Amino acid sequence: MSYNITLIPGDGIGPEVINAAKLVLENCGIGFNWDVVEAGENAIKKYGTPLPQNVIDSINKNKIALKGPVTTPIGTGFKSVNVTLRQIFDLYANVRPVKTFKGIPSRFEDVDLIIVRENSEDLYKGIEHMIGDDAAESIKIITRKASERIADFAFKLSVNEKRKKVTSVHKANIMKCTDGLFINCTRKIAQNYPEIEYEEMIVDAMSMKLVLSPEKYDVLVMPNLYGDILSDLAAGLVGGLGMVPGANIGLDAAIFEPVHGSAPDIAGKNKANPTAAILSAVMMLKYIGEFSAATKIENALRIVLENAKYRTFDLGGNTKTSEFAQAVVENMK
Ligand code: NAD
């Protein structure tokens with residue numbers, strides 16, 4: 001059995017970490033037919049657009065993609081490729097497991113939480129405009145449909161992963177309409193899952209509690225913007241952005257990608273930590289039902305991470321991206 005997968009290397013450190021994940025996947029005992037397509041800055045140079053039609057066609061055909069980060073210009077320029085892909089394929093659930101690994105220098109030892117970020121609306125709808133020269137307006141969209149389906153996704157995930165508690169994160173004390181609707185929906189869906197504990201937390205208090213006692217949290221469900229911010233915060237609790245994978249899941253397609261961006265400050269130096277990309281590949285394997293291959297990679301990765309000899313610079317070492325990937329492959333044998 002071999003799988004047809006769309007591979008988007010992306011910008012900056014994207015090709016380096018995606019190559020590392022590809023190498024590991026190619027040694028896990030399963031066959032892959034890679035359809036390599038370009039999105040982002042390189043695509044602009046070649047096709048005049050950051051998201052060429054062949055990327056969309058490829059994902060439409062294969063339904064599964066492994067993707068590197070793509071640079072998005074700040075303040076001006078083209079619309080985010082990531083947001084556009086999530087909207088085209090209605091990848092409504094962004095799942096980001098945040099976990100401490102033994103041996104990795106971090107402030108905590110027992111973090112094991114999953115951030116479930118609503119991925120289709122909120123301020124990411126991109127409905128914004130200038131009002132004259134001196135004011136600007138951005139519109140926050142929250143719908144019952146999207147809120148109920150992300151809540152249901154979070155509870156189903158909790159049941160499947162044998163989790164105990166879902167925390168709904170909001171700012172409904174201030175945004176009484178939008179976030180008020182969001183928590184009404186999560187509250188309603190919670191009633192269908194009496195075996196899972198349910199609680200609500202205002203996003204500012206949540207930020208403080210995550211920094212103080214992250215081990216108390218299990219599955220967190222939240223609107224798009226809070227999910228974006230809290231997942232980077234949570235990454236900081238377990239060793240940094242190089243450690244946290246992600247999946248964008250819809251009814252018909254899924255894109256797996258690390259939480260981190262294209263990191264232009266370290267691009268092209270073969271020094272990025274590929275753990276997040278490798279773990280994103282592991283999430284992809286679980287999604288397609290290849291659990292034993294996923295476990296094989298996870299076990300090898302754990303051995304490498306526990307060995308102080310293999311530390312990329314962000315974890316205090318000088319192991320190269322490619323050396324790290326090779327070490328994971330060696331430990332899969
Ligand atoms: P970033 O995540 O690229 O980098 C933040 C910091 O973390 C940098 O210091 C970087 O060196 C470090 N870092 C990130 N990944 C790392 C890794 N694997 N190993 C070691 N260190 C790592 O965030 P940024 O600098 O704010 O964004 C850069 C670009 O990436 C922007 O254009 C942004 O829009 C884009 N971005 C894309 C995605 C995506 O495609 N999914 C996600 C986030 C940001």
# chains A, B, ... in the order shown; residues from 1 in each chain; ligands from 1
call {"tool": "residues_near_ligand", "arguments": {"ligand": "ligand 1", "cutoff": "6 Å", "atoms": "only C-alpha atoms and all ligand atoms", "output": "list of chain:residue names"}}
result
A:Pro69, A:Val70, A:Thr71, A:Thr72, A:Pro73, A:Asn82, A:Leu241, A:Gly242, A:Val259, A:His260, A:Gly261, A:Ser262, A:Ala263, A:Asp265, A:Ile266, A:Ala272, A:Asn273, A:Pro274, A:Asp314
call {"tool": "write_last_selection", "arguments": {"atoms": "C-alpha atoms", "output": "compact mmCIF listing (two decimals), in the first residue's frame"}}
result
# COMPACT_ATOMS: atom_id res chain seq x y z
CA PRO A 69 5.52 27.08 6.84
CA VAL A 70 4.88 29.83 4.33
CA THR A 71 6.00 33.43 4.79
CA THR A 72 3.17 35.96 5.00
CA PRO A 73 3.99 39.64 4.50
CA ASN A 82 -2.39 29.27 5.18
CA LEU A 241 8.23 26.31 18.52
CA GLY A 242 10.48 23.60 17.16
CA VAL A 259 2.97 25.32 14.38
CA HIS A 260 6.07 27.43 13.73
CA GLY A 261 6.59 29.83 10.86
CA SER A 262 9.29 30.09 8.19
CA ALA A 263 11.85 31.47 10.70
CA ASP A 265 16.36 34.37 10.99
CA ILE A 266 17.69 30.79 10.79
CA ALA A 272 16.15 24.34 12.52
CA ASN A 273 14.66 21.79 14.88
CA PRO A 274 12.66 19.35 12.71
CA ASP A 314 17.19 25.96 20.05
call {"tool": "closest_atom_pairs", "arguments": {"of": "segment 250-276 of chain A", "to": "segment 91-113 of chain A", "cutoff": "8 Å", "atoms": "only C-alpha atoms", "output": "JSON lines"}}
result
{"residue": "A:Gly250", "atom": "CA", "partner": "A:Leu91", "partner_atom": "CA", "distance": 3.9}
{"residue": "A:Leu251", "atom": "CA", "partner": "A:Leu91", "partner_atom": "CA", "distance": 7.4}
{"residue": "A:Ala253", "atom": "CA", "partner": "A:Leu91", "partner_atom": "CA", "distance": 7.1}
{"residue": "A:Ala254", "atom": "CA", "partner": "A:Leu91", "partner_atom": "CA", "distance": 6.7}
{"residue": "A:Ile255", "atom": "CA", "partner": "A:Leu91", "partner_atom": "CA", "distance": 8.0}
{"residue": "A:Val259", "atom": "CA", "partner": "A:Arg96", "partner_atom": "CA", "distance": 7.5}
call {"tool": "residues_around", "arguments": {"residues": "Val203 of chain A", "least_positions_apart": "4", "cutoff": "9 Å", "atoms": "only C-alpha atoms", "output": "list in words"}}
result
Val169, His170, Lys171, Ser207, Met208, Met222, Tyr226 and Leu230 of chain A
call {"tool": "write_last_selection", "arguments": {"atoms": "all heavy atoms", "output": "PDB file, in the first residue's frame"}}
result
ATOM      1  N   VAL A 169     -12.178  28.347  25.964  1.00  0.00           N
ATOM      2  CA  VAL A 169     -11.467  29.608  26.233  1.00  0.00           C
ATOM      3  C   VAL A 169     -12.151  30.743  25.462  1.00  0.00           C
ATOM      4  O   VAL A 169     -12.429  30.607  24.267  1.00  0.00           O
ATOM      5  CB  VAL A 169      -9.982  29.482  25.818  1.00  0.00           C
ATOM      6  CG1 VAL A 169      -9.219  30.754  26.151  1.00  0.00           C
ATOM      7  CG2 VAL A 169      -9.341  28.274  26.494  1.00  0.00           C
ATOM      8  N   HIS A 170     -12.394  31.871  26.137  1.00  0.00           N
ATOM      9  CA  HIS A 170     -13.213  32.929  25.521  1.00  0.00           C
ATOM     10  C   HIS A 170     -12.906  34.286  26.144  1.00  0.00           C
ATOM     11  O   HIS A 170     -12.094  34.382  27.078  1.00  0.00           O
ATOM     12  CB  HIS A 170     -14.689  32.591  25.758  1.00  0.00           C
ATOM     13  CG  HIS A 170     -15.011  32.635  27.233  1.00  0.00           C
ATOM     14  ND1 HIS A 170     -15.501  33.754  27.858  1.00  0.00           N
ATOM     15  CD2 HIS A 170     -14.869  31.692  28.213  1.00  0.00           C
ATOM     16  CE1 HIS A 170     -15.657  33.508  29.149  1.00  0.00           C
ATOM     17  NE2 HIS A 170     -15.269  32.265  29.390  1.00  0.00           N
ATOM     18  N   LYS A 171     -13.579  35.303  25.642  1.00  0.00           N
ATOM     19  CA  LYS A 171     -13.520  36.639  26.261  1.00  0.00           C
ATOM     20  C   LYS A 171     -14.948  37.201  26.250  1.00  0.00           C
ATOM     21  O   LYS A 171     -15.212  38.323  25.803  1.00  0.00           O
ATOM     22  CB  LYS A 171     -12.535  37.517  25.461  1.00  0.00           C
ATOM     23  CG  LYS A 171     -12.225  38.865  26.062  1.00  0.00           C
ATOM     24  CD  LYS A 171     -11.261  38.823  27.226  1.00  0.00           C
ATOM     25  CE  LYS A 171     -11.122  40.176  27.873  1.00  0.00           C
ATOM     26  NZ  LYS A 171     -10.328  40.160  29.106  1.00  0.00           N
ATOM     27  N   SER A 207      -4.153  32.441  30.007  1.00  0.00           N
ATOM     28  CA  SER A 207      -2.731  32.661  29.687  1.00  0.00           C
ATOM     29  C   SER A 207      -1.898  32.554  30.961  1.00  0.00           C
ATOM     30  O   SER A 207      -0.845  31.906  30.987  1.00  0.00           O
ATOM     31  CB  SER A 207      -2.509  34.050  29.082  1.00  0.00           C
ATOM     32  OG  SER A 207      -3.417  34.269  28.055  1.00  0.00           O
ATOM     33  N   MET A 208      -2.398  33.184  32.013  1.00  0.00           N
ATOM     34  CA  MET A 208      -1.664  33.145  33.281  1.00  0.00           C
ATOM     35  C   MET A 208      -1.617  31.709  33.821  1.00  0.00           C
ATOM     36  O   MET A 208      -0.571  31.220  34.235  1.00  0.00           O
ATOM     37  CB  MET A 208      -2.353  34.095  34.266  1.00  0.00           C
ATOM     38  CG  MET A 208      -1.659  34.288  35.581  1.00  0.00           C
ATOM     39  SD  MET A 208      -2.214  33.154  36.858  1.00  0.00           S
ATOM     40  CE  MET A 208      -3.909  33.586  37.085  1.00  0.00           C
ATOM     41  N   MET A 222     -11.077  26.749  21.474  1.00  0.00           N
ATOM     42  CA  MET A 222     -11.165  28.221  21.465  1.00  0.00           C
ATOM     43  C   MET A 222     -11.302  28.772  20.053  1.00  0.00           C
ATOM     44  O   MET A 222     -10.969  28.086  19.072  1.00  0.00           O
ATOM     45  CB  MET A 222      -9.930  28.820  22.141  1.00  0.00           C
ATOM     46  CG  MET A 222      -8.631  28.493  21.458  1.00  0.00           C
ATOM     47  SD  MET A 222      -7.205  28.794  22.532  1.00  0.00           S
ATOM     48  CE  MET A 222      -7.189  27.322  23.537  1.00  0.00           C
ATOM     49  N   TYR A 226      -7.391  33.384  19.599  1.00  0.00           N
ATOM     50  CA  TYR A 226      -6.849  32.932  20.888  1.00  0.00           C
ATOM     51  C   TYR A 226      -6.035  31.646  20.681  1.00  0.00           C
ATOM     52  O   TYR A 226      -5.014  31.430  21.329  1.00  0.00           O
ATOM     53  CB  TYR A 226      -7.959  32.669  21.915  1.00  0.00           C
ATOM     54  CG  TYR A 226      -8.962  33.791  22.059  1.00  0.00           C
ATOM     55  CD1 TYR A 226     -10.296  33.514  22.332  1.00  0.00           C
ATOM     56  CD2 TYR A 226      -8.575  35.120  21.924  1.00  0.00           C
ATOM     57  CE1 TYR A 226     -11.222  34.533  22.456  1.00  0.00           C
ATOM     58  CE2 TYR A 226      -9.495  36.145  22.044  1.00  0.00           C
ATOM     59  CZ  TYR A 226     -10.824  35.848  22.307  1.00  0.00           C
ATOM     60  OH  TYR A 226     -11.737  36.852  22.415  1.00  0.00           O
ATOM     61  N   LEU A 230      -2.326  31.323  21.937  1.00  0.00           N
ATOM     62  CA  LEU A 230      -2.042  30.393  23.038  1.00  0.00           C
ATOM     63  C   LEU A 230      -1.213  29.197  22.583  1.00  0.00           C
ATOM     64  O   LEU A 230      -0.504  28.597  23.384  1.00  0.00           O
ATOM     65  CB  LEU A 230      -3.339  29.926  23.707  1.00  0.00           C
ATOM     66  CG  LEU A 230      -4.060  30.975  24.572  1.00  0.00           C
ATOM     67  CD1 LEU A 230      -5.180  30.330  25.380  1.00  0.00           C
ATOM     68  CD2 LEU A 230      -3.110  31.700  25.520  1.00  0.00           C
TER      69      LEU A 230
END
call {"tool": "select_by_dssp", "arguments": {"residues": "segment 137-241 of chain A", "states": "strand (DSSP E)", "output": "list in words"}}
result
Glu137, Ser138, Lys165, Val166, Thr167, Ser168, Val169, His170, Glu197, Tyr198, Glu199, Glu200, Met201, Ile202, Val219, Leu220, Val221 and Met222 of chain A
call {"tool": "write_last_selection", "arguments": {"atoms": "C-alpha atoms", "output": "PDB file, in the first residue's frame"}}
result
ATOM      1  CA  GLU A 137     -12.100  48.291  11.238  1.00  0.00           C
ATOM      2  CA  SER A 138     -11.873  44.501  11.369  1.00  0.00           C
ATOM      3  CA  LYS A 165     -11.463  17.633  30.558  1.00  0.00           C
ATOM      4  CA  VAL A 166     -12.331  20.241  27.931  1.00  0.00           C
ATOM      5  CA  THR A 167     -11.729  23.923  28.723  1.00  0.00           C
ATOM      6  CA  SER A 168     -13.567  26.433  26.536  1.00  0.00           C
ATOM      7  CA  VAL A 169     -11.467  29.608  26.233  1.00  0.00           C
ATOM      8  CA  HIS A 170     -13.213  32.929  25.521  1.00  0.00           C
ATOM      9  CA  GLU A 197     -15.484  17.397  32.505  1.00  0.00           C
ATOM     10  CA  TYR A 198     -16.246  20.815  31.040  1.00  0.00           C
ATOM     11  CA  GLU A 199     -15.081  24.246  32.221  1.00  0.00           C
ATOM     12  CA  GLU A 200     -14.816  27.762  30.823  1.00  0.00           C
ATOM     13  CA  MET A 201     -11.909  30.165  31.176  1.00  0.00           C
ATOM     14  CA  ILE A 202     -11.435  33.795  30.112  1.00  0.00           C
ATOM     15  CA  VAL A 219      -8.039  19.723  25.880  1.00  0.00           C
ATOM     16  CA  LEU A 220      -8.566  23.447  25.229  1.00  0.00           C
ATOM     17  CA  VAL A 221     -11.085  24.610  22.625  1.00  0.00           C
ATOM     18  CA  MET A 222     -11.165  28.221  21.465  1.00  0.00           C
TER      19      MET A 222
END
call {"tool": "residues_around", "arguments": {"residues": "segment 47-56 of chain A", "least_positions_apart": "6", "cutoff": "12 Å", "atoms": "only C-alpha atoms", "output": "ChimeraX atom specification"}}
result
/A:5-11,35-41,62-67,70-73,77-89,253,255
call {"tool": "residues_around", "arguments": {"residues": "segment 178-183 of chain A", "least_positions_apart": "3", "cutoff": "7 Å", "atoms": "only C-alpha atoms", "output": "MDAnalysis selection string"}}
result
chainID A and resid 142 144 147 168 170:172 175 186:187
call {"tool": "closest_residue", "arguments": {"among": "A:Ile139, A:Val244, A:Ile150, A:Met332", "to": "Leu123 of chain A", "atoms": "only C-alpha atoms"}}
result
A:Ile139
call {"tool": "closest_residue", "arguments": {"among": "A:Ile127, A:Ile249, A:Ile59, A:Ala308", "to": "Phe153 of chain A", "atoms": "only C-alpha atoms"}}
result
A:Ile249
call {"tool": "select_by_dssp", "arguments": {"residues": "segment 160-331 of chain A", "states": "helix (DSSP H, G or I)", "output": "ChimeraX atom specification"}}
result
/A:160,178-190,203-212,214-216,224-237,241-243,264-266,275-287,291-306,313-315,321-330
call {"tool": "atom_distance", "arguments": {"atom1": "atom CA of Pro15 of chain A", "atom2": "atom CA of Pro245 of chain A"}}
result
15.7 Å
call {"tool": "closest_residue", "arguments": {"among": "A:Ala276, A:Ala294, A:Ala247, A:Ile288", "to": "Ile13 of chain A", "atoms": "only C-alpha atoms"}}
result
A:Ala276
call {"tool": "residues_around", "arguments": {"residues": "Val159 of chain A", "least_positions_apart": "5", "cutoff": "10 Å", "atoms": "only C-alpha atoms", "output": "list in words"}}
result
Phe153, Ala154, Lys164, Lys165, Tyr193, Glu195 and Ile196 of chain A
call {"tool": "closest_residue", "arguments": {"among": "A:Ile30, A:Gly240, A:Glu128, A:Thr275", "to": "Lys296 of chain A", "atoms": "only C-alpha atoms"}}
result
A:Ile30
call {"tool": "closest_residue", "arguments": {"among": "A:Asp57, A:Glu323, A:Glu257, A:Asp228", "to": "Ala20 of chain A", "atoms": "only C-alpha atoms"}}
result
A:Glu323
call {"tool": "closest_residue", "arguments": {"among": "A:Asp122, A:Ile297, A:Glu148, A:Asp218", "to": "Lys162 of chain A", "atoms": "only C-alpha atoms"}}
result
A:Asp218
call {"tool": "decode", "arguments": {"residues": "segment 216-229 of chain A", "atoms": "all heavy atoms", "output": "compact mmCIF listing (two decimals), in the first residue's frame"}}
result
# COMPACT_ATOMS: atom_id res chain seq x y z
N LYS A 216 -2.42 21.15 34.60
CA LYS A 216 -3.82 21.02 35.02
C LYS A 216 -4.77 20.99 33.81
O LYS A 216 -5.96 20.79 33.97
CB LYS A 216 -4.22 22.19 35.91
CG LYS A 216 -3.55 22.15 37.26
CD LYS A 216 -4.25 23.08 38.23
CE LYS A 216 -3.59 22.99 39.59
NZ LYS A 216 -3.40 24.28 40.21
N TYR A 217 -4.24 21.22 32.60
CA TYR A 217 -5.13 21.34 31.44
C TYR A 217 -4.95 20.16 30.50
O TYR A 217 -3.89 19.56 30.41
CB TYR A 217 -4.92 22.70 30.76
CG TYR A 217 -5.29 23.76 31.75
CD1 TYR A 217 -4.32 24.34 32.58
CD2 TYR A 217 -6.62 24.08 31.96
CE1 TYR A 217 -4.69 25.22 33.58
CE2 TYR A 217 -6.99 24.97 32.96
CZ TYR A 217 -6.02 25.53 33.76
OH TYR A 217 -6.39 26.39 34.77
N ASP A 218 -6.04 19.89 29.78
CA ASP A 218 -6.12 18.66 29.01
C ASP A 218 -6.42 18.99 27.54
O ASP A 218 -5.52 19.07 26.72
CB ASP A 218 -7.24 17.81 29.66
CG ASP A 218 -7.10 16.35 29.35
OD1 ASP A 218 -6.24 16.00 28.55
OD2 ASP A 218 -7.88 15.54 29.91
N VAL A 219 -7.68 19.28 27.23
CA VAL A 219 -8.04 19.72 25.88
C VAL A 219 -8.61 21.13 26.00
O VAL A 219 -9.47 21.39 26.85
CB VAL A 219 -9.08 18.77 25.24
CG1 VAL A 219 -9.57 19.32 23.90
CG2 VAL A 219 -8.46 17.38 25.05
N LEU A 220 -8.09 22.06 25.20
CA LEU A 220 -8.57 23.45 25.23
C LEU A 220 -9.21 23.75 23.89
O LEU A 220 -8.59 23.51 22.84
CB LEU A 220 -7.40 24.42 25.44
CG LEU A 220 -6.43 24.14 26.60
CD1 LEU A 220 -5.31 25.20 26.62
CD2 LEU A 220 -7.16 24.17 27.93
N VAL A 221 -10.43 24.26 23.89
CA VAL A 221 -11.08 24.61 22.63
C VAL A 221 -11.32 26.11 22.61
O VAL A 221 -11.69 26.69 23.64
CB VAL A 221 -12.40 23.80 22.43
CG1 VAL A 221 -13.44 24.11 23.50
CG2 VAL A 221 -12.98 24.03 21.04
N MET A 222 -11.08 26.75 21.47
CA MET A 222 -11.17 28.22 21.47
C MET A 222 -11.30 28.77 20.05
O MET A 222 -10.97 28.09 19.07
CB MET A 222 -9.93 28.82 22.14
CG MET A 222 -8.63 28.49 21.46
SD MET A 222 -7.21 28.79 22.53
CE MET A 222 -7.19 27.32 23.54
N PRO A 223 -11.79 30.02 19.95
CA PRO A 223 -11.84 30.67 18.64
C PRO A 223 -10.43 30.87 18.07
O PRO A 223 -9.42 30.76 18.78
CB PRO A 223 -12.52 32.01 18.92
CG PRO A 223 -13.24 31.83 20.21
CD PRO A 223 -12.40 30.85 21.00
N ASN A 224 -10.41 31.19 16.78
CA ASN A 224 -9.19 31.23 15.97
C ASN A 224 -8.02 32.05 16.56
O ASN A 224 -6.91 31.53 16.74
CB ASN A 224 -9.62 31.80 14.61
CG ASN A 224 -8.82 31.24 13.47
OD1 ASN A 224 -7.70 30.79 13.66
ND2 ASN A 224 -9.38 31.26 12.27
N LEU A 225 -8.28 33.31 16.88
CA LEU A 225 -7.17 34.18 17.31
C LEU A 225 -6.56 33.73 18.63
O LEU A 225 -5.33 33.67 18.77
CB LEU A 225 -7.67 35.64 17.43
CG LEU A 225 -6.62 36.65 17.88
CD1 LEU A 225 -5.49 36.78 16.87
CD2 LEU A 225 -7.24 38.03 18.11
N TYR A 226 -7.39 33.38 19.60
CA TYR A 226 -6.85 32.93 20.89
C TYR A 226 -6.03 31.65 20.68
O TYR A 226 -5.01 31.43 21.33
CB TYR A 226 -7.96 32.67 21.92
CG TYR A 226 -8.96 33.79 22.06
CD1 TYR A 226 -10.30 33.51 22.33
CD2 TYR A 226 -8.57 35.12 21.92
CE1 TYR A 226 -11.22 34.53 22.46
CE2 TYR A 226 -9.49 36.14 22.04
CZ TYR A 226 -10.82 35.85 22.31
OH TYR A 226 -11.74 36.85 22.41
N GLY A 227 -6.51 30.80 19.76
CA GLY A 227 -5.81 29.54 19.47
C GLY A 227 -4.44 29.79 18.88
O GLY A 227 -3.47 29.10 19.19
N ASP A 228 -4.36 30.79 18.02
CA ASP A 228 -3.09 31.15 17.39
C ASP A 228 -2.10 31.59 18.47
O ASP A 228 -0.95 31.12 18.53
CB ASP A 228 -3.35 32.29 16.39
CG ASP A 228 -2.21 32.51 15.43
OD1 ASP A 228 -1.20 31.78 15.55
OD2 ASP A 228 -2.31 33.39 14.57
N ILE A 229 -2.56 32.47 19.34
CA ILE A 229 -1.65 33.05 20.34
C ILE A 229 -1.30 32.01 21.42
O ILE A 229 -0.13 31.81 21.75
CB ILE A 229 -2.30 34.30 20.97
CG1 ILE A 229 -2.50 35.37 19.89
CG2 ILE A 229 -1.43 34.83 22.12
CD1 ILE A 229 -3.36 36.53 20.30
